[in-house]
Amino acid sequence: MGTPARGGTVLVGVDGSPASAGALQWGAECAVRRGHRLHLVHAFAWPAYAASYGLPPGAWPDEGVRMQAEALLGDAAARAHQLAPSVAVHGEVLRGTPAAVLSEASRHATVAVVGDRGAGGFSGLLLGSVSTQLTRHGHGVVVVVPRDGDPPDGARPRVVVGTDSSPGAEPALRFAFEEAASRHATVTIVRAWQTPPPSWRDELLPTGDGRAELESAEAQRLASDAQPWQEKYPDVPVEHQLVAEHPARALAAAGHGAQLLVIGACGHSGFRGPHLGSVGVQLLHDLPCPIAVVRPAHHELED
């Protein structure tokens, strides 16, 4: 059976919020499973702290804020050692906006993890602003953890991944199978398809046998996307879900009760280049479980 690469780094953004605590636990567990190091980062721009309280930028001395940040990071590091005693933990306080600092730090990480909302170091930012910016501009794999993201007790371990045969689907499938193998979980591969939009030529719309042919072709593409990963990970149970639905709705439904939902950073229905696709943006607004956004070259990153 294939196994994840060892010796990488799991980056976790910490800020003392409940969502950050969930991200720290997720990141620590990931580091244990993968045999990776744990890199904790707390970012601060001290004038922003003052502004969040309605004070002028120079109202707080820089050194005092830095001491508070270092104390927060020390607490997070102590918690990480409790969660993952066998994992090497490194903590770092960096000046700058959290999204920019974490995006840059993610260049050197195998996986970067944040909570869905922040506080303290991420204070004053709107819902999902750090997590959304990191999924848009980060490198490698970015995991966003909701505060209430624990699956139901007794739930069968599942990792859900979406595929659309685009270039972004292959690295998403790779990461999903790596995670499922390390968790002894089932992979549920979801492919959503829709009939073409209406045109002025009604006779061009598929009906009857035409719709069945489209569905059959989509099923073949799903099987083709899954085949190399099922062969590489023969001990990982696999389910195929072919759904006639909008991709975001199909993935959100499949993700409820899962340990992880994995998507590519962009696909046929999203934007090209380094931006987060439209499906990912919709899913981040209503997380059904922790979600991993995977960039095409994550497995090529160097430690």
# chains A, B, ... in the order shown; residues from 1 in each chain; ligands from 1
>>> residues_around(residues="segment 97-114 of chain A", least_positions_apart="3", cutoff="7 Å", atoms="only C-alpha atoms", output="VMD selection string")
chain A and resid 8 to 13 20 23 27 43 to 45 122 130 to 131 133 to 134 137 to 145 298 301 to 303
>>> write_last_selection(atoms="N, CA and C atoms", output="PDB file, in the first residue's frame")
ATOM      1  N   GLY A   8       8.259  15.972   6.195  1.00  0.00           N
ATOM      2  CA  GLY A   8       7.799  17.295   5.811  1.00  0.00           C
ATOM      3  C   GLY A   8       7.430  18.143   7.018  1.00  0.00           C
ATOM      4  N   THR A   9       6.705  19.217   6.769  1.00  0.00           N
ATOM      5  CA  THR A   9       6.313  20.155   7.807  1.00  0.00           C
ATOM      6  C   THR A   9       4.831  20.457   7.710  1.00  0.00           C
ATOM      7  N   VAL A  10       4.163  20.472   8.868  1.00  0.00           N
ATOM      8  CA  VAL A  10       2.771  20.925   8.962  1.00  0.00           C
ATOM      9  C   VAL A  10       2.799  22.303   9.608  1.00  0.00           C
ATOM     10  N   LEU A  11       2.335  23.298   8.895  1.00  0.00           N
ATOM     11  CA  LEU A  11       2.269  24.685   9.371  1.00  0.00           C
ATOM     12  C   LEU A  11       0.893  24.945   9.966  1.00  0.00           C
ATOM     13  N   VAL A  12       0.844  25.540  11.159  1.00  0.00           N
ATOM     14  CA  VAL A  12      -0.431  25.890  11.787  1.00  0.00           C
ATOM     15  C   VAL A  12      -0.398  27.362  12.197  1.00  0.00           C
ATOM     16  N   GLY A  13      -1.404  28.115  11.764  1.00  0.00           N
ATOM     17  CA  GLY A  13      -1.564  29.483  12.219  1.00  0.00           C
ATOM     18  C   GLY A  13      -2.292  29.502  13.546  1.00  0.00           C
ATOM     19  N   SER A  20      -8.658  28.506  16.237  1.00  0.00           N
ATOM     20  CA  SER A  20      -7.233  28.216  16.186  1.00  0.00           C
ATOM     21  C   SER A  20      -6.895  26.958  16.973  1.00  0.00           C
ATOM     22  N   ALA A  23      -7.639  24.089  14.807  1.00  0.00           N
ATOM     23  CA  ALA A  23      -6.621  23.945  13.767  1.00  0.00           C
ATOM     24  C   ALA A  23      -5.354  23.322  14.337  1.00  0.00           C
ATOM     25  N   GLY A  27      -3.740  19.940  13.050  1.00  0.00           N
ATOM     26  CA  GLY A  27      -2.376  19.939  12.549  1.00  0.00           C
ATOM     27  C   GLY A  27      -1.478  18.983  13.302  1.00  0.00           C
ATOM     28  N   ALA A  43       1.175  35.549  13.716  1.00  0.00           N
ATOM     29  CA  ALA A  43       1.515  36.771  13.002  1.00  0.00           C
ATOM     30  C   ALA A  43       0.860  37.965  13.691  1.00  0.00           C
ATOM     31  N   PHE A  44       1.591  39.069  13.774  1.00  0.00           N
ATOM     32  CA  PHE A  44       0.975  40.265  14.348  1.00  0.00           C
ATOM     33  C   PHE A  44       1.538  41.507  13.677  1.00  0.00           C
ATOM     34  N   ALA A  45       0.680  42.493  13.539  1.00  0.00           N
ATOM     35  CA  ALA A  45       1.080  43.823  13.099  1.00  0.00           C
ATOM     36  C   ALA A  45       0.561  44.753  14.185  1.00  0.00           C
ATOM     37  N   PHE A 122      -5.663  37.595  14.705  1.00  0.00           N
ATOM     38  CA  PHE A 122      -6.429  37.794  13.480  1.00  0.00           C
ATOM     39  C   PHE A 122      -7.587  38.748  13.742  1.00  0.00           C
ATOM     40  N   VAL A 130      -8.851  35.463   6.629  1.00  0.00           N
ATOM     41  CA  VAL A 130      -7.521  34.850   6.622  1.00  0.00           C
ATOM     42  C   VAL A 130      -7.559  33.509   5.898  1.00  0.00           C
ATOM     43  N   SER A 131      -8.537  32.664   6.246  1.00  0.00           N
ATOM     44  CA  SER A 131      -8.615  31.352   5.613  1.00  0.00           C
ATOM     45  C   SER A 131      -8.862  31.476   4.110  1.00  0.00           C
ATOM     46  N   GLN A 133      -8.080  34.077   2.115  1.00  0.00           N
ATOM     47  CA  GLN A 133      -6.873  34.589   1.463  1.00  0.00           C
ATOM     48  C   GLN A 133      -5.787  33.521   1.387  1.00  0.00           C
ATOM     49  N   LEU A 134      -5.679  32.705   2.435  1.00  0.00           N
ATOM     50  CA  LEU A 134      -4.662  31.656   2.420  1.00  0.00           C
ATOM     51  C   LEU A 134      -4.996  30.591   1.377  1.00  0.00           C
ATOM     52  N   HIS A 137      -4.105  32.275  -2.011  1.00  0.00           N
ATOM     53  CA  HIS A 137      -2.735  32.676  -2.321  1.00  0.00           C
ATOM     54  C   HIS A 137      -1.670  31.806  -1.665  1.00  0.00           C
ATOM     55  N   GLY A 138      -2.075  30.833  -0.858  1.00  0.00           N
ATOM     56  CA  GLY A 138      -1.102  29.960  -0.215  1.00  0.00           C
ATOM     57  C   GLY A 138      -0.507  28.970  -1.194  1.00  0.00           C
ATOM     58  N   HIS A 139       0.438  28.177  -0.708  1.00  0.00           N
ATOM     59  CA  HIS A 139       1.134  27.198  -1.532  1.00  0.00           C
ATOM     60  C   HIS A 139       0.885  25.804  -0.970  1.00  0.00           C
ATOM     61  N   GLY A 140       0.949  24.811  -1.844  1.00  0.00           N
ATOM     62  CA  GLY A 140       0.773  23.441  -1.381  1.00  0.00           C
ATOM     63  C   GLY A 140      -0.665  23.155  -0.990  1.00  0.00           C
ATOM     64  N   VAL A 141      -0.828  22.514   0.158  1.00  0.00           N
ATOM     65  CA  VAL A 141      -2.153  22.125   0.655  1.00  0.00           C
ATOM     66  C   VAL A 141      -2.542  23.054   1.799  1.00  0.00           C
ATOM     67  N   VAL A 142      -3.712  23.642   1.717  1.00  0.00           N
ATOM     68  CA  VAL A 142      -4.238  24.490   2.785  1.00  0.00           C
ATOM     69  C   VAL A 142      -5.494  23.829   3.344  1.00  0.00           C
ATOM     70  N   VAL A 143      -5.502  23.588   4.664  1.00  0.00           N
ATOM     71  CA  VAL A 143      -6.651  22.971   5.323  1.00  0.00           C
ATOM     72  C   VAL A 143      -7.317  24.012   6.222  1.00  0.00           C
ATOM     73  N   VAL A 144      -8.624  24.180   6.056  1.00  0.00           N
ATOM     74  CA  VAL A 144      -9.410  25.085   6.899  1.00  0.00           C
ATOM     75  C   VAL A 144     -10.292  24.231   7.796  1.00  0.00           C
ATOM     76  N   VAL A 145     -10.174  24.460   9.118  1.00  0.00           N
ATOM     77  CA  VAL A 145     -10.851  23.622  10.102  1.00  0.00           C
ATOM     78  C   VAL A 145     -11.989  24.417  10.758  1.00  0.00           C
ATOM     79  N   HIS A 298       1.850  20.469  -4.882  1.00  0.00           N
ATOM     80  CA  HIS A 298       2.133  20.359  -3.456  1.00  0.00           C
ATOM     81  C   HIS A 298       3.143  19.266  -3.148  1.00  0.00           C
ATOM     82  N   LEU A 301       6.994  20.186  -3.328  1.00  0.00           N
ATOM     83  CA  LEU A 301       7.616  21.151  -2.428  1.00  0.00           C
ATOM     84  C   LEU A 301       8.777  20.506  -1.674  1.00  0.00           C
ATOM     85  N   GLU A 302       9.795  21.305  -1.458  1.00  0.00           N
ATOM     86  CA  GLU A 302      10.937  20.843  -0.673  1.00  0.00           C
ATOM     87  C   GLU A 302      10.743  21.212   0.780  1.00  0.00           C
ATOM     88  N   ASP A 303      11.297  20.434   1.676  1.00  0.00           N
ATOM     89  CA  ASP A 303      11.196  20.724   3.093  1.00  0.00           C
ATOM     90  C   ASP A 303      11.927  22.042   3.405  1.00  0.00           C
TER      91      ASP A 303
END
>>> closest_residue(among="A:Ala77, A:Asp164, A:Gly257, A:Arg117", to="Gln194 of chain A", atoms="only C-alpha atoms")
A:Asp164
>>> residues_around(residues="segment 229-246 of chain A", least_positions_apart="3", cutoff="6 Å", atoms="only C-alpha atoms", output="VMD selection string")
chain A and resid 1 to 2 186 to 194 226 249 to 250
>>> closest_residue(among="A:Gln68, A:Thr132, A:Ser182, A:Phe175", to="Gly35 of chain A", atoms="only C-alpha atoms")
A:Ser182
>>> atom_distance(atom1="atom CA of Leu83 of chain A", atom2="atom CA of Met67 of chain A")
24.4 Å
>>> select_by_dssp(residues="segment 73-253 of chain A", states="strand (DSSP E or B)", output="ChimeraX atom specification")
/A:89-95,111-115,141-145,158-162,186-192,238-243
>>> write_last_selection(atoms="C-alpha atoms", output="PDB file, in the first residue's frame")
ATOM      1  CA  VAL A  89       7.524  21.501  17.409  1.00  0.00           C
ATOM      2  CA  HIS A  90       8.910  24.866  16.339  1.00  0.00           C
ATOM      3  CA  GLY A  91       7.144  28.158  17.127  1.00  0.00           C
ATOM      4  CA  GLU A  92       7.677  31.543  15.533  1.00  0.00           C
ATOM      5  CA  VAL A  93       6.252  35.061  15.981  1.00  0.00           C
ATOM      6  CA  LEU A  94       6.366  37.029  12.744  1.00  0.00           C
ATOM      7  CA  ARG A  95       5.418  40.628  12.072  1.00  0.00           C
ATOM      8  CA  VAL A 111       0.309  21.209   4.713  1.00  0.00           C
ATOM      9  CA  ALA A 112      -0.832  24.586   6.120  1.00  0.00           C
ATOM     10  CA  VAL A 113      -3.713  24.604   8.633  1.00  0.00           C
ATOM     11  CA  VAL A 114      -5.914  27.451   9.900  1.00  0.00           C
ATOM     12  CA  GLY A 115      -9.249  27.822  11.655  1.00  0.00           C
ATOM     13  CA  VAL A 141      -2.153  22.125   0.655  1.00  0.00           C
ATOM     14  CA  VAL A 142      -4.238  24.490   2.785  1.00  0.00           C
ATOM     15  CA  VAL A 143      -6.651  22.971   5.323  1.00  0.00           C
ATOM     16  CA  VAL A 144      -9.410  25.085   6.899  1.00  0.00           C
ATOM     17  CA  VAL A 145     -10.851  23.622  10.102  1.00  0.00           C
ATOM     18  CA  ARG A 158     -14.355   8.941   5.342  1.00  0.00           C
ATOM     19  CA  VAL A 159     -12.311  11.286   3.181  1.00  0.00           C
ATOM     20  CA  VAL A 160     -14.316  12.925   0.403  1.00  0.00           C
ATOM     21  CA  VAL A 161     -12.673  14.252  -2.747  1.00  0.00           C
ATOM     22  CA  GLY A 162     -14.098  15.953  -5.809  1.00  0.00           C
ATOM     23  CA  THR A 186     -12.733   5.158   3.005  1.00  0.00           C
ATOM     24  CA  VAL A 187     -12.302   7.537   0.060  1.00  0.00           C
ATOM     25  CA  THR A 188     -15.540   8.815  -1.420  1.00  0.00           C
ATOM     26  CA  ILE A 189     -14.839  10.206  -4.906  1.00  0.00           C
ATOM     27  CA  VAL A 190     -17.525  12.633  -6.043  1.00  0.00           C
ATOM     28  CA  ARG A 191     -18.092  13.721  -9.608  1.00  0.00           C
ATOM     29  CA  ALA A 192     -20.884  16.231 -10.187  1.00  0.00           C
ATOM     30  CA  VAL A 238     -13.290   3.450  -2.358  1.00  0.00           C
ATOM     31  CA  GLU A 239     -16.802   4.658  -3.142  1.00  0.00           C
ATOM     32  CA  HIS A 240     -17.800   6.395  -6.384  1.00  0.00           C
ATOM     33  CA  GLN A 241     -20.549   9.018  -6.304  1.00  0.00           C
ATOM     34  CA  LEU A 242     -21.834  10.345  -9.613  1.00  0.00           C
ATOM     35  CA  VAL A 243     -24.291  13.157  -8.867  1.00  0.00           C
TER      36      VAL A 243
END
>>> closest_residue(among="A:Ala28, A:Ala185, A:Cys289, A:Val281", to="Leu261 of chain A", atoms="only C-alpha atoms")
A:Cys289
>>> atom_distance(atom1="atom CA of Ala292 of chain A", atom2="atom CA of Leu260 of chain A")
7.2 Å
>>> atom_distance(atom1="atom CA of Glu70 of chain A", atom2="atom CA of Leu40 of chain A")
11.3 Å
>>> closest_residue(among="A:Gln259, A:Gln227, A:Gln82, A:Ser129", to="Asp148 of chain A", atoms="only C-alpha atoms")
A:Gln259
